[in-house]
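Q: My file is data22.txt. It has compact mmCIF, C-alpha atoms and all ligand atoms:
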```txt
# COMPACT_ATOMS: atom_id res chain seq x y z
CA MET A 17 29.13 -51.72 -101.45
CA THR A 18 26.86 -52.28 -104.49
CA ALA A 19 28.67 -52.92 -107.77
CA ILE A 20 28.17 -50.23 -110.45
CA PRO A 21 25.77 -51.56 -113.17
CA ILE A 22 27.69 -52.35 -116.35
CA GLU A 23 25.78 -49.86 -118.58
CA THR A 24 26.89 -46.89 -116.46
CA ARG A 25 30.56 -47.85 -116.55
CA GLN A 26 32.78 -45.46 -118.41
CA ASN A 27 35.80 -45.47 -120.71
CA ALA A 28 38.95 -43.42 -120.20
CA LEU A 29 42.05 -42.52 -122.18
CA VAL A 30 45.35 -41.26 -120.76
CA VAL A 31 47.78 -39.88 -123.33
CA GLY A 32 51.37 -39.93 -122.07
CA ALA A 33 50.82 -42.77 -119.61
CA SER A 34 54.32 -44.24 -119.51
CA GLN A 35 55.39 -42.49 -116.32
CA GLY A 36 54.80 -39.58 -113.96
CA ILE A 37 51.32 -38.06 -113.67
CA GLY A 38 49.97 -40.03 -116.66
CA LEU A 39 50.93 -43.37 -115.13
CA GLY A 40 49.39 -42.21 -111.84
CA PHE A 41 46.11 -41.50 -113.66
CA VAL A 42 46.07 -44.98 -115.16
CA GLN A 43 46.64 -46.53 -111.72
CA GLN A 44 43.75 -44.57 -110.17
CA LEU A 45 41.39 -45.12 -113.10
CA LEU A 46 41.95 -48.87 -112.78
CA ALA A 47 41.03 -48.85 -109.08
CA GLY A 48 37.35 -49.60 -108.42
CA ASP A 49 34.89 -50.51 -111.17
CA ARG A 50 33.84 -47.11 -112.50
CA PHE A 51 35.81 -47.59 -115.73
CA GLU A 52 35.14 -50.48 -118.02
CA THR A 53 38.15 -49.82 -120.23
CA VAL A 54 41.20 -47.65 -119.63
CA TYR A 55 43.43 -46.83 -122.59
CA GLY A 56 46.98 -45.68 -121.87
CA THR A 57 49.38 -44.49 -124.54
CA TYR A 58 53.15 -44.72 -124.52
CA ARG A 59 55.84 -43.47 -126.88
CA ARG A 60 58.43 -46.22 -126.52
CA PRO A 61 58.35 -49.49 -124.57
CA GLU A 62 61.72 -48.78 -122.84
CA SER A 63 60.20 -46.06 -120.63
CA ALA A 64 56.80 -47.75 -120.32
CA GLN A 65 57.71 -50.97 -118.52
CA GLU A 66 55.52 -50.24 -115.50
CA LEU A 67 52.51 -49.40 -117.69
CA LEU A 68 52.99 -52.51 -119.84
CA ALA A 69 53.30 -54.66 -116.69
CA LEU A 70 50.00 -53.20 -115.38
CA ALA A 71 48.27 -54.32 -118.58
CA LYS A 72 49.23 -57.91 -117.80
CA GLN A 73 47.60 -57.55 -114.38
CA PHE A 74 44.46 -55.63 -115.48
CA PRO A 75 42.68 -56.90 -118.61
CA GLN A 76 40.64 -53.66 -118.74
CA LEU A 77 43.85 -51.70 -119.49
CA ILE A 78 44.77 -51.44 -123.17
CA CYS A 79 48.12 -49.88 -124.05
CA LEU A 80 48.57 -48.16 -127.40
CA PRO A 81 51.71 -46.68 -128.99
CA LEU A 82 51.43 -42.95 -129.73
CA ASP A 83 53.98 -40.20 -130.35
CA VAL A 84 52.26 -36.81 -130.39
CA THR A 85 54.80 -35.47 -132.90
CA GLU A 86 53.53 -38.02 -135.47
CA GLU A 87 49.88 -37.38 -136.28
CA GLU A 88 49.41 -40.76 -137.94
CA THR A 89 50.08 -42.48 -134.59
CA ILE A 90 47.35 -40.35 -132.97
CA ALA A 91 44.92 -41.27 -135.76
CA ALA A 92 45.82 -44.97 -135.47
CA ALA A 93 45.39 -45.04 -131.68
CA ILE A 94 41.98 -43.34 -131.85
CA ALA A 95 40.87 -45.68 -134.67
CA SER A 96 41.85 -48.64 -132.53
CA ILE A 97 39.85 -47.22 -129.57
CA GLN A 98 36.81 -46.63 -131.80
CA ALA A 99 36.95 -50.23 -133.01
CA ARG A 100 36.42 -51.41 -129.41
CA THR A 101 34.64 -48.61 -127.58
CA PRO A 102 31.86 -46.36 -128.91
CA ARG A 103 32.28 -43.61 -126.30
CA LEU A 104 34.95 -41.97 -124.15
CA HIS A 105 34.12 -40.22 -120.86
CA ARG A 106 37.52 -39.11 -119.51
CA VAL A 107 40.53 -38.14 -121.57
CA VAL A 108 43.65 -36.63 -120.02
CA TYR A 109 46.55 -35.27 -122.05
CA CYS A 110 49.56 -35.77 -119.75
CA VAL A 111 52.29 -35.34 -122.35
CA GLY A 112 54.87 -32.68 -121.67
CA VAL A 113 58.54 -31.82 -121.96
CA LEU A 114 60.56 -29.29 -119.96
CA HIS A 115 64.02 -30.76 -120.43
CA ASP A 116 65.70 -33.85 -121.75
CA GLY A 117 69.20 -35.00 -122.59
CA GLY A 118 69.18 -32.55 -125.51
CA PHE A 119 67.94 -29.38 -123.87
CA GLN A 120 67.29 -27.49 -120.63
CA PRO A 121 64.73 -24.72 -120.00
CA GLU A 122 66.20 -21.35 -121.05
CA LYS A 123 67.31 -18.97 -118.28
CA SER A 124 67.97 -16.18 -120.76
CA LEU A 125 67.26 -15.09 -124.34
CA ARG A 126 70.86 -16.07 -125.13
CA GLN A 127 69.90 -19.71 -124.70
CA ILE A 128 66.92 -19.66 -127.06
CA THR A 129 67.13 -21.83 -130.17
CA SER A 130 64.54 -22.24 -132.86
CA GLU A 131 64.87 -26.02 -132.68
CA ASN A 132 64.14 -26.21 -128.94
CA LEU A 133 61.23 -23.77 -129.14
CA VAL A 134 59.65 -25.84 -131.91
CA ARG A 135 60.21 -29.02 -129.93
CA SER A 136 58.43 -27.57 -126.87
CA PHE A 137 55.51 -26.32 -128.96
CA GLN A 138 55.15 -29.62 -130.82
CA THR A 139 55.05 -31.73 -127.68
CA ASN A 140 53.30 -29.44 -125.19
CA ALA A 141 50.77 -27.71 -127.45
CA VAL A 142 50.41 -29.04 -131.00
CA GLY A 143 49.96 -32.64 -129.85
CA ALA A 144 46.92 -31.71 -127.75
CA ALA A 145 45.27 -29.92 -130.68
CA LEU A 146 45.85 -32.89 -132.99
CA LEU A 147 44.41 -35.14 -130.30
CA ALA A 148 41.34 -32.87 -130.02
CA LYS A 149 40.88 -33.14 -133.79
CA HIS A 150 40.92 -36.95 -133.86
CA LEU A 151 39.04 -37.44 -130.59
CA MET A 152 35.88 -35.52 -131.42
CA PRO A 153 33.87 -38.52 -132.74
CA THR A 154 34.43 -40.41 -129.48
CA PHE A 155 32.71 -37.56 -127.57
CA LYS A 156 29.62 -37.44 -129.81
CA HIS A 157 27.26 -39.04 -127.31
CA ASP A 158 24.79 -37.82 -124.73
CA GLN A 159 26.72 -38.77 -121.55
CA ALA A 160 28.82 -36.27 -119.61
CA SER A 161 32.54 -36.38 -120.44
CA VAL A 162 35.72 -34.45 -119.68
CA PHE A 163 38.70 -33.78 -121.95
CA ALA A 164 41.49 -32.29 -119.83
CA ALA A 165 45.02 -31.26 -120.72
CA ILE A 166 47.67 -30.89 -118.04
CA SER A 167 48.95 -27.36 -118.45
CA ALA A 168 51.12 -25.43 -115.95
CA LYS A 169 50.77 -22.24 -113.95
CA VAL A 170 53.99 -20.99 -115.54
CA GLY A 171 52.01 -20.88 -118.81
CA SER A 172 49.86 -18.10 -117.35
CA ILE A 173 50.85 -14.81 -119.02
CA GLY A 174 49.19 -12.76 -116.25
CA ASP A 175 51.05 -14.67 -113.55
CA ASN A 176 54.52 -14.44 -115.16
CA HIS A 177 56.58 -12.41 -112.69
CA LEU A 178 59.83 -14.41 -112.82
CA GLY A 179 60.67 -14.84 -116.52
CA GLY A 180 62.84 -17.60 -117.94
CA TRP A 181 61.69 -20.97 -119.30
CA TYR A 182 60.69 -19.30 -122.60
CA GLY A 183 59.81 -22.42 -124.56
CA TYR A 184 57.93 -24.19 -121.77
CA ARG A 185 55.97 -21.07 -120.72
CA ALA A 186 55.07 -20.10 -124.28
CA SER A 187 54.10 -23.63 -125.30
CA LYS A 188 51.81 -23.98 -122.26
CA ALA A 189 50.22 -20.59 -123.09
CA ALA A 190 49.70 -21.91 -126.63
CA LEU A 191 48.21 -25.13 -125.21
CA ASN A 192 45.80 -23.02 -123.18
CA MET A 193 44.64 -21.08 -126.26
CA LEU A 194 44.33 -24.22 -128.40
CA MET A 195 42.19 -25.96 -125.76
CA LYS A 196 40.08 -22.84 -125.08
CA THR A 197 39.37 -22.66 -128.82
CA THR A 198 38.65 -26.41 -128.89
CA ALA A 199 36.16 -25.89 -126.05
CA LEU A 200 34.20 -23.40 -128.18
CA GLU A 201 34.01 -25.79 -131.13
CA TYR A 202 33.24 -28.81 -128.94
CA ALA A 203 30.39 -26.83 -127.31
CA ARG A 204 28.70 -26.80 -130.72
CA ARG A 205 29.58 -30.32 -131.83
CA CYS A 206 29.74 -32.42 -128.65
CA PRO A 207 28.08 -30.26 -125.98
CA GLN A 208 28.26 -32.82 -123.16
CA THR A 209 32.07 -32.62 -123.20
CA THR A 210 33.82 -30.27 -120.79
CA VAL A 211 37.26 -29.21 -122.01
CA ALA A 212 39.59 -28.12 -119.21
CA LEU A 213 43.17 -27.07 -118.54
CA LEU A 214 44.62 -28.29 -115.26
CA HIS A 215 47.65 -27.11 -113.27
CA PRO A 216 48.84 -30.08 -111.20
CA GLY A 217 51.06 -28.24 -108.72
CA THR A 218 54.72 -29.20 -108.43
CA THR A 219 54.72 -32.97 -108.52
CA ASP A 220 57.55 -35.39 -107.90
CA THR A 221 58.27 -36.72 -111.41
CA ARG A 222 61.14 -36.88 -113.89
CA LEU A 223 60.03 -33.49 -115.28
CA SER A 224 60.33 -31.56 -111.99
CA GLU A 225 63.21 -33.58 -110.52
CA PRO A 226 66.08 -31.17 -111.44
CA PHE A 227 64.11 -28.18 -110.02
CA GLN A 228 62.86 -29.55 -106.72
CA ARG A 229 65.63 -28.18 -104.49
CA GLY A 230 63.92 -24.89 -103.62
CA VAL A 231 60.46 -26.40 -103.23
CA PRO A 232 59.24 -26.77 -99.62
CA PRO A 233 58.28 -30.41 -98.92
CA GLU A 234 54.60 -29.55 -98.35
CA LYS A 235 54.48 -27.98 -101.83
CA LEU A 236 55.98 -31.00 -103.60
CA PHE A 237 53.10 -33.38 -104.25
CA SER A 238 53.38 -37.12 -104.75
CA VAL A 239 51.94 -38.33 -108.06
CA GLU A 240 49.19 -40.09 -106.12
CA ARG A 241 48.15 -36.88 -104.36
CA THR A 242 48.20 -34.84 -107.58
CA VAL A 243 46.06 -37.38 -109.43
CA THR A 244 43.54 -37.60 -106.56
CA GLN A 245 43.26 -33.79 -106.55
CA LEU A 246 42.91 -33.50 -110.33
CA MET A 247 40.32 -36.31 -110.46
CA ALA A 248 38.28 -34.38 -107.86
CA VAL A 249 38.54 -31.20 -109.96
CA MET A 250 37.40 -33.08 -113.08
CA ASP A 251 34.51 -34.72 -111.22
CA GLY A 252 33.27 -31.26 -110.18
CA LEU A 253 33.22 -29.84 -113.74
CA SER A 254 30.16 -29.25 -115.90
CA PRO A 255 29.87 -27.95 -119.51
CA ALA A 256 29.45 -24.42 -118.10
CA ASP A 257 33.15 -24.65 -117.02
CA SER A 258 34.38 -25.67 -120.47
CA GLY A 259 37.48 -23.86 -121.72
CA ASP A 260 38.66 -22.75 -118.28
CA PHE A 261 42.06 -23.09 -116.58
CA PHE A 262 41.98 -24.68 -113.11
CA SER A 263 44.54 -25.22 -110.41
CA TRP A 264 44.84 -28.47 -108.44
CA ASP A 265 42.53 -27.11 -105.71
CA GLY A 266 39.76 -26.27 -108.17
CA SER A 267 40.40 -22.50 -108.18
CA ARG A 268 40.55 -20.69 -111.55
CA LEU A 269 43.91 -19.41 -112.81
CA PRO A 270 44.45 -16.22 -114.82
CA TRP A 271 45.34 -16.58 -118.48
N1 LIG B 301 55.73 -32.49 -112.50
C1 LIG B 301 55.40 -31.22 -112.30
O1 LIG B 301 55.79 -30.59 -111.30
C2 LIG B 301 54.52 -30.51 -113.29
C3 LIG B 301 54.13 -29.18 -112.98
C4 LIG B 301 53.32 -28.50 -113.88
C5 LIG B 301 52.88 -29.15 -115.03
N2 LIG B 301 53.28 -30.43 -115.31
C6 LIG B 301 52.79 -31.05 -116.54
O2 LIG B 301 52.25 -32.33 -116.25
C7 LIG B 301 52.33 -33.16 -117.42
C8 LIG B 301 52.93 -34.51 -117.01
O3 LIG B 301 54.30 -34.30 -116.63
P1 LIG B 301 55.08 -35.24 -115.61
O4 LIG B 301 55.50 -34.38 -114.51
O5 LIG B 301 54.30 -36.47 -115.35
O6 LIG B 301 56.39 -35.54 -116.50
P2 LIG B 301 57.08 -36.90 -116.99
O7 LIG B 301 57.14 -37.88 -115.87
O8 LIG B 301 58.34 -36.48 -117.65
O9 LIG B 301 56.03 -37.46 -118.07
C9 LIG B 301 55.90 -36.85 -119.33
C10 LIG B 301 55.15 -37.81 -120.22
O10 LIG B 301 55.08 -37.23 -121.54
C11 LIG B 301 55.44 -38.25 -122.48
N3 LIG B 301 55.93 -37.69 -123.73
C12 LIG B 301 56.94 -36.80 -123.90
N4 LIG B 301 57.10 -36.54 -125.22
C13 LIG B 301 56.14 -37.28 -125.87
C14 LIG B 301 55.77 -37.44 -127.24
N5 LIG B 301 56.43 -36.81 -128.22
N6 LIG B 301 54.74 -38.27 -127.54
C15 LIG B 301 54.08 -38.93 -126.57
N7 LIG B 301 54.38 -38.83 -125.25
C16 LIG B 301 55.41 -38.01 -124.93
C17 LIG B 301 56.51 -39.04 -121.75
O11 LIG B 301 56.74 -40.27 -122.42
P3 LIG B 301 58.23 -40.96 -122.41
O12 LIG B 301 58.25 -41.85 -121.20
O13 LIG B 301 58.23 -41.72 -123.69
O14 LIG B 301 59.24 -39.87 -122.36
C18 LIG B 301 55.83 -39.18 -120.38
O15 LIG B 301 54.86 -40.19 -120.40
C19 LIG B 301 53.17 -32.37 -118.43
O16 LIG B 301 52.31 -31.72 -119.34
C20 LIG B 301 53.88 -31.33 -117.57
O17 LIG B 301 54.21 -30.18 -118.31
C21 LIG B 301 54.09 -31.11 -114.45
```
Translate this structure into structure tokens?

A:
Amino acid sequence: MTAIPIETRQNALVVGASQGIGLGFVQQLLAGDRFETVYGTYRRPESAQELLALAKQFPQLICLPLDVTEEETIAAAIASIQARTPRLHRVVYCVGVLHDGGFQPEKSLRQITSENLVRSFQTNAVGAALLAKHLMPTFKHDQASVFAAISAKVGSIGDNHLGGWYGYRASKAALNMLMKTTALEYARRCPQTTVALLHPGTTDTRLSEPFQRGVPPEKLFSVERTVTQLMAVMDGLSPADSGDFFSWDGSRLPW
């Protein structure tokens, strides 16, 4: 196989790369020589040991601390990328929260709290918009690029037949609107960038782990499979698709 000439090699950023789907993206982006530099962000070293170990093995991987609830860490990470790399070609926002030690997804209105709703919105939606704000200069070039955020089918308002999971559903719907609106602005300011929302399918990670019992094995994807599928979807996108919401098989989902 012929090696890819250095000037066509690309740069990628994975936000939320410490584990799960984000870590899977970093692993696949490092395979082969398409990407010259891969940036992976993590919130705290304790849960990012595998990512930090990869950086020792792959000099093209650069790990940066970033907590999406603190805008200054987003600005600092992007500034550090810009100091090394003039252009980005692939950015994937893999940050998300459905539950943690402090809260579980709501089954009923009785379980709603203002604090937990705000937490879901901050992590699942607001962080992506702040990222879009700081990222724009890295997309101001004439090569094709993709900025994708991992959303979720349960964030589709039209597809909501089951109810429950108020904070997660509503924050993913908000993510969808924020990215759709970003796509319209990016189309004017960095027209080679395709902005997309991606539903990964149920994937075997910490996030889905407590809810996997009812999922048939063929519908529970490994991280590797999910990332391969989402990379194929991203590779098939063009600016005409910008602002749309895609499932793992490339089909469009209803808002
Ligand atoms: N797994 C599924 O079945 C499924 C289905 C539909 C959609 N999704 C979406 O896919 C995306 C990835 O989820 P996953 O399944 O890979 O879950 P995961 O393994 O729990 O990973 C979530 C990632 O988000 C990071 N994160 C959380 N809060 C953050 C913050 N404030 N700042 C920066 N990073 C933060 C986590 O970092 P820490 O290690 O520091 O916590 C971790 O890297 C999410 O948007 C999720 O909603 C997943």

Q: A:Arg59: which residues within 12 Å, counting only C-alpha atoms, same-chain residues fewer than 2 positions away excluded, as number ranges by chain?

A: A: 31-35, 56-57, 61-65, 67-68, 79-86, 89-90, 93, 111, 139

Q: Out of A:Glu88, A:Asp49, A:Glu131, A:Asp220, which residue has the shortest atom-to-atom distance to ligand LIG 301 (chain B) when counting all atoms listed in the file?

A: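 Ranking A:Glu88, A:Asp49, A:Glu131, A:Asp220 by distance to ligand LIG 301 (chain B), first place goes to A:Asp220.
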
Q: Any idea what the distance is between atom CA of A:Thr197 and atom CA of A:Ser172?

A: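 Going from atom CA of A:Thr197 over to atom CA of A:Ser172 covers 16.2 Å.
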
Q: With only C-alpha atoms as the basis for distance, which of A:Phe262, A:Tyr182, A:Ala144, A:Leu223 is at the shortest distance from A:Gly117?

A: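 Of the candidates, the smallest distance to A:Gly117 is held by A:Leu223.
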
Q: Under the rule that all atoms listed in the file are counted, which of A:Leu214, A:Val162, A:Leu200, A:Ala99 is the nearest residue to A:Leu253?

A: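 Of all the options, A:Val162 lies closest to A:Leu253.
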
Q: What's the 12 Å shell around stretch 132-135 of chain A, counting all atoms listed in the file, without same-chain residues fewer than 5 positions away, as a list in words?

A: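 Near stretch 132-135 of chain A, the qualifying residues are Val84, Thr85, Gly112, Val113, Leu114, His115, Asp116, Gly117, Gly118, Phe119, Gln120, Pro121, Glu122, Leu125, Gln127, Asn140, Ala141, Val142, Gly143, Trp181, Tyr182, Gly183, Tyr184, Arg185, Ala186, Ser187, Lys188 and Ala190 of chain A.
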
Q: If we count only C-alpha atoms and set the cut-off at 7 Å, which residues sit around A:Ile37, ignoring sequence neighbours fewer than 3 positions away in its own chain? Please answer as a PyMOL selection string.

A: chain A and resi 40-41+110+239+243

Q: Residues at most 6 Å from A:Gly36, counting all atoms listed in the file, excluding those fewer than 2 positions away in the same chain, as a list in words?

A: Gly38, Leu39 and Thr221 of chain A

Q: Show me the residues around (32.8, -31.9, -110.6) - criterion: an atom at most 12 Å away, only C-alpha atoms counted - as a PyMOL selection string.

A: chain A and resi 160-162+210+212+245-258+262+265-266

Q: Using the selection just defined, write its residues with C-alpha atoms as an mmCIF file, in the coordinates of the input.

A:
```cif
data_model
loop_
_atom_site.group_PDB
_atom_site.id
_atom_site.type_symbol
_atom_site.label_atom_id
_atom_site.label_comp_id
_atom_site.auth_asym_id
_atom_site.auth_seq_id
_atom_site.Cartn_x
_atom_site.Cartn_y
_atom_site.Cartn_z
ATOM 1 C CA ALA A 160 28.820 -36.270 -119.610
ATOM 2 C CA SER A 161 32.540 -36.380 -120.440
ATOM 3 C CA VAL A 162 35.720 -34.450 -119.680
ATOM 4 C CA THR A 210 33.820 -30.270 -120.790
ATOM 5 C CA ALA A 212 39.590 -28.120 -119.210
ATOM 6 C CA GLN A 245 43.260 -33.790 -106.550
ATOM 7 C CA LEU A 246 42.910 -33.500 -110.330
ATOM 8 C CA MET A 247 40.320 -36.310 -110.460
ATOM 9 C CA ALA A 248 38.280 -34.380 -107.860
ATOM 10 C CA VAL A 249 38.540 -31.200 -109.960
ATOM 11 C CA MET A 250 37.400 -33.080 -113.080
ATOM 12 C CA ASP A 251 34.510 -34.720 -111.220
ATOM 13 C CA GLY A 252 33.270 -31.260 -110.180
ATOM 14 C CA LEU A 253 33.220 -29.840 -113.740
ATOM 15 C CA SER A 254 30.160 -29.250 -115.900
ATOM 16 C CA PRO A 255 29.870 -27.950 -119.510
ATOM 17 C CA ALA A 256 29.450 -24.420 -118.100
ATOM 18 C CA ASP A 257 33.150 -24.650 -117.020
ATOM 19 C CA SER A 258 34.380 -25.670 -120.470
ATOM 20 C CA PHE A 262 41.980 -24.680 -113.110
ATOM 21 C CA ASP A 265 42.530 -27.110 -105.710
ATOM 22 C CA GLY A 266 39.760 -26.270 -108.170
#
```

Q: Could you tell me which of A:Phe227, A:Thr244, A:Gln159, A:Ala189 comes closest to A:Asn176 if we count only C-alpha atoms?

A: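 Smallest distance to A:Asn176 is found for A:Ala189.
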
Q: May I ask for the distance between atom CA of A:Leu29 and atom CA of A:Leu147, given in Å to one decimal place?

A: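 If I compute the distance from atom CA of A:Leu29 to atom CA of A:Leu147, I get 11.2 Å.
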
Q: Please indicate the distance in Å from atom CA of A:Lys156 to atom CA of A:Ala203, rounded to one decimal place.

A: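 So the two atoms, atom CA of A:Lys156 and atom CA of A:Ala203, lie 10.9 Å apart.
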
Q: For ligand LIG 301 (chain B), which of A:Ile173, A:Val107, A:Val30, A:Ile97 is the closest residue, counting all atoms listed in the file?

A: A:Val30

Q: Given 5 Å of margin on each side, can you work out the centre and size in Å (one decimal) of an axis-aligned box holding every listed atom of stretch 255-264 of chain A, as AutoDock Vina command-line options?

A:
```
--center_x 37.1 --center_y -25.6 --center_z -115.1 --size_x 25.4 --size_y 15.7 --size_z 23.3
```

Q: Should you be able to, write stretch 79-90 of chain A of this structure into a file that contains N, CA and C atoms, as a short mmCIF file (atom, residue, chain, number, x, y, z; two decimals), in the first residue's frame.

A:
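Everything below was put into out.cif:
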```
data_model
loop_
_atom_site.label_atom_id
_atom_site.label_comp_id
_atom_site.auth_asym_id
_atom_site.auth_seq_id
_atom_site.Cartn_x
_atom_site.Cartn_y
_atom_site.Cartn_z
N CYS A 79 -2.90 14.69 24.40
CA CYS A 79 -4.02 14.72 25.34
C CYS A 79 -4.10 16.08 26.01
N LEU A 80 -5.31 16.62 26.10
CA LEU A 80 -5.50 17.95 26.68
C LEU A 80 -6.61 17.89 27.73
N PRO A 81 -6.41 18.54 28.88
CA PRO A 81 -7.50 18.57 29.88
C PRO A 81 -8.61 19.52 29.44
N LEU A 82 -9.84 19.11 29.63
CA LEU A 82 -10.99 19.96 29.24
C LEU A 82 -12.24 19.47 29.98
N ASP A 83 -12.87 20.40 30.68
CA ASP A 83 -14.17 20.10 31.31
C ASP A 83 -15.18 21.01 30.64
N VAL A 84 -16.18 20.45 29.97
CA VAL A 84 -17.08 21.28 29.16
C VAL A 84 -17.93 22.23 30.00
N THR A 85 -17.97 22.02 31.33
CA THR A 85 -18.73 22.95 32.17
C THR A 85 -17.89 24.18 32.55
N GLU A 86 -16.62 24.19 32.11
CA GLU A 86 -15.75 25.35 32.40
C GLU A 86 -15.21 25.88 31.08
N GLU A 87 -15.82 26.97 30.60
CA GLU A 87 -15.49 27.45 29.26
C GLU A 87 -14.01 27.77 29.10
N GLU A 88 -13.37 28.23 30.18
CA GLU A 88 -11.95 28.61 30.03
C GLU A 88 -11.09 27.39 29.67
N THR A 89 -11.52 26.18 30.08
CA THR A 89 -10.72 24.99 29.71
C THR A 89 -10.92 24.64 28.23
N ILE A 90 -12.10 24.98 27.69
CA ILE A 90 -12.33 24.77 26.25
C ILE A 90 -11.44 25.75 25.48
#
```
